[in-house]
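A.B. asks: Okay, handing you the structure first.
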Amino acid sequence: MHEQIEKNFKYHPPKDQETVLAHETVRNECRHLANTLDTLLPNSREKSLAMTKLEEVMMWANASIARN
């Protein structure tokens, strides 16, 4: 468990240009979907939750790239 904690709670700099590109791709795709949802969905609590969850998707996807 200690090794997992150390891995999860430290900074993971990009290893190479491929990693940087993967992070950028995730951010761009999530931004594209966020803009689409912003256009399609009425302003509401549900829209806010959808946007929050999309931010979580982006965070966890980038964490996966960084940690592995």
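Every chain in the structure tokens takes a letter, A first, then B, and so on in the order presented; its residues are numbered from 1, and the ligands are numbered from 1 following the presented order.
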Need the shell around Ile65 of chain A: protein/DNA/RNA residues with any atom at most 8 Å away, counting only C-alpha atoms. Skip same-chain ones fewer than 6 positions apart. Format as a list of chain:residue names?

C.D. replies: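 Listing them by chain and then by number gives A:Thr19, A:Ala22, A:His23.
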
A.B. asks: May I have the residues within 10 Å of Ala50 of chain A as a PyMOL selection string, using only C-alpha atoms and disregarding those fewer than 5 positions away in the same chain?

C.D. replies: chain A and resi 34+37-38+41+44-45+55-56

A.B. asks: I need the chosen residues saved as a PDB file, in the first residue's frame, with C-alpha atoms.

C.D. replies:
```
ATOM      1  CA  ALA A  34     -17.859  20.165 -23.061  1.00  0.00           C
ATOM      2  CA  LEU A  37     -22.845  19.687 -24.181  1.00  0.00           C
ATOM      3  CA  ASP A  38     -22.887  23.408 -23.430  1.00  0.00           C
ATOM      4  CA  LEU A  41     -28.067  21.085 -22.765  1.00  0.00           C
ATOM      5  CA  SER A  44     -29.647  23.202 -15.115  1.00  0.00           C
ATOM      6  CA  ARG A  45     -28.276  21.306 -12.171  1.00  0.00           C
ATOM      7  CA  GLU A  55     -13.831  17.377 -15.630  1.00  0.00           C
ATOM      8  CA  GLU A  56     -13.410  14.233 -13.513  1.00  0.00           C
TER       9      GLU A  56
END
```

A.B. asks: Please provide as an mmCIF file with N, CA, C and O atoms, in the first residue's frame all residues within 7 Å of segment 4-14 of chain A, with the sequence filter that same-chain residues fewer than 5 positions apart are discarded (counting only C-alpha atoms).

C.D. replies:
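Written output follows (out39.cif):
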```cif
data_model
loop_
_atom_site.group_PDB
_atom_site.id
_atom_site.type_symbol
_atom_site.label_atom_id
_atom_site.label_comp_id
_atom_site.auth_asym_id
_atom_site.auth_seq_id
_atom_site.Cartn_x
_atom_site.Cartn_y
_atom_site.Cartn_z
ATOM 1 N N THR A 19 3.829 11.362 -24.413
ATOM 2 C CA THR A 19 3.023 11.563 -23.209
ATOM 3 C C THR A 19 2.365 12.940 -23.228
ATOM 4 O O THR A 19 1.189 13.082 -22.896
ATOM 5 N N VAL A 20 3.133 13.952 -23.601
ATOM 6 C CA VAL A 20 2.590 15.313 -23.700
ATOM 7 C C VAL A 20 1.434 15.333 -24.694
ATOM 8 O O VAL A 20 0.369 15.912 -24.419
ATOM 9 N N ALA A 66 -0.243 9.797 -16.691
ATOM 10 C CA ALA A 66 0.913 10.217 -15.891
ATOM 11 C C ALA A 66 1.456 9.097 -15.012
ATOM 12 O O ALA A 66 2.673 8.962 -14.860
ATOM 13 N N ARG A 67 0.577 8.299 -14.448
ATOM 14 C CA ARG A 67 1.000 7.300 -13.459
ATOM 15 C C ARG A 67 1.475 5.984 -14.078
ATOM 16 O O ARG A 67 2.117 5.188 -13.407
#
```

A.B. asks: Restricting the calculation to only C-alpha atoms, which member of A:Leu21, A:Leu40, A:Leu33, A:Val26 is positioned closest to Trp60 of chain A?

C.D. replies: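 For Trp60 of chain A, the nearest of the candidates is A:Val26.
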
A.B. asks: Go through chain A and collect every residue that DSSP, computed from the backbone, puts in helix (DSSP H, G or I); the answer should be as number ranges by chain.

C.D. replies: A: 2-8, 17-40, 45-67
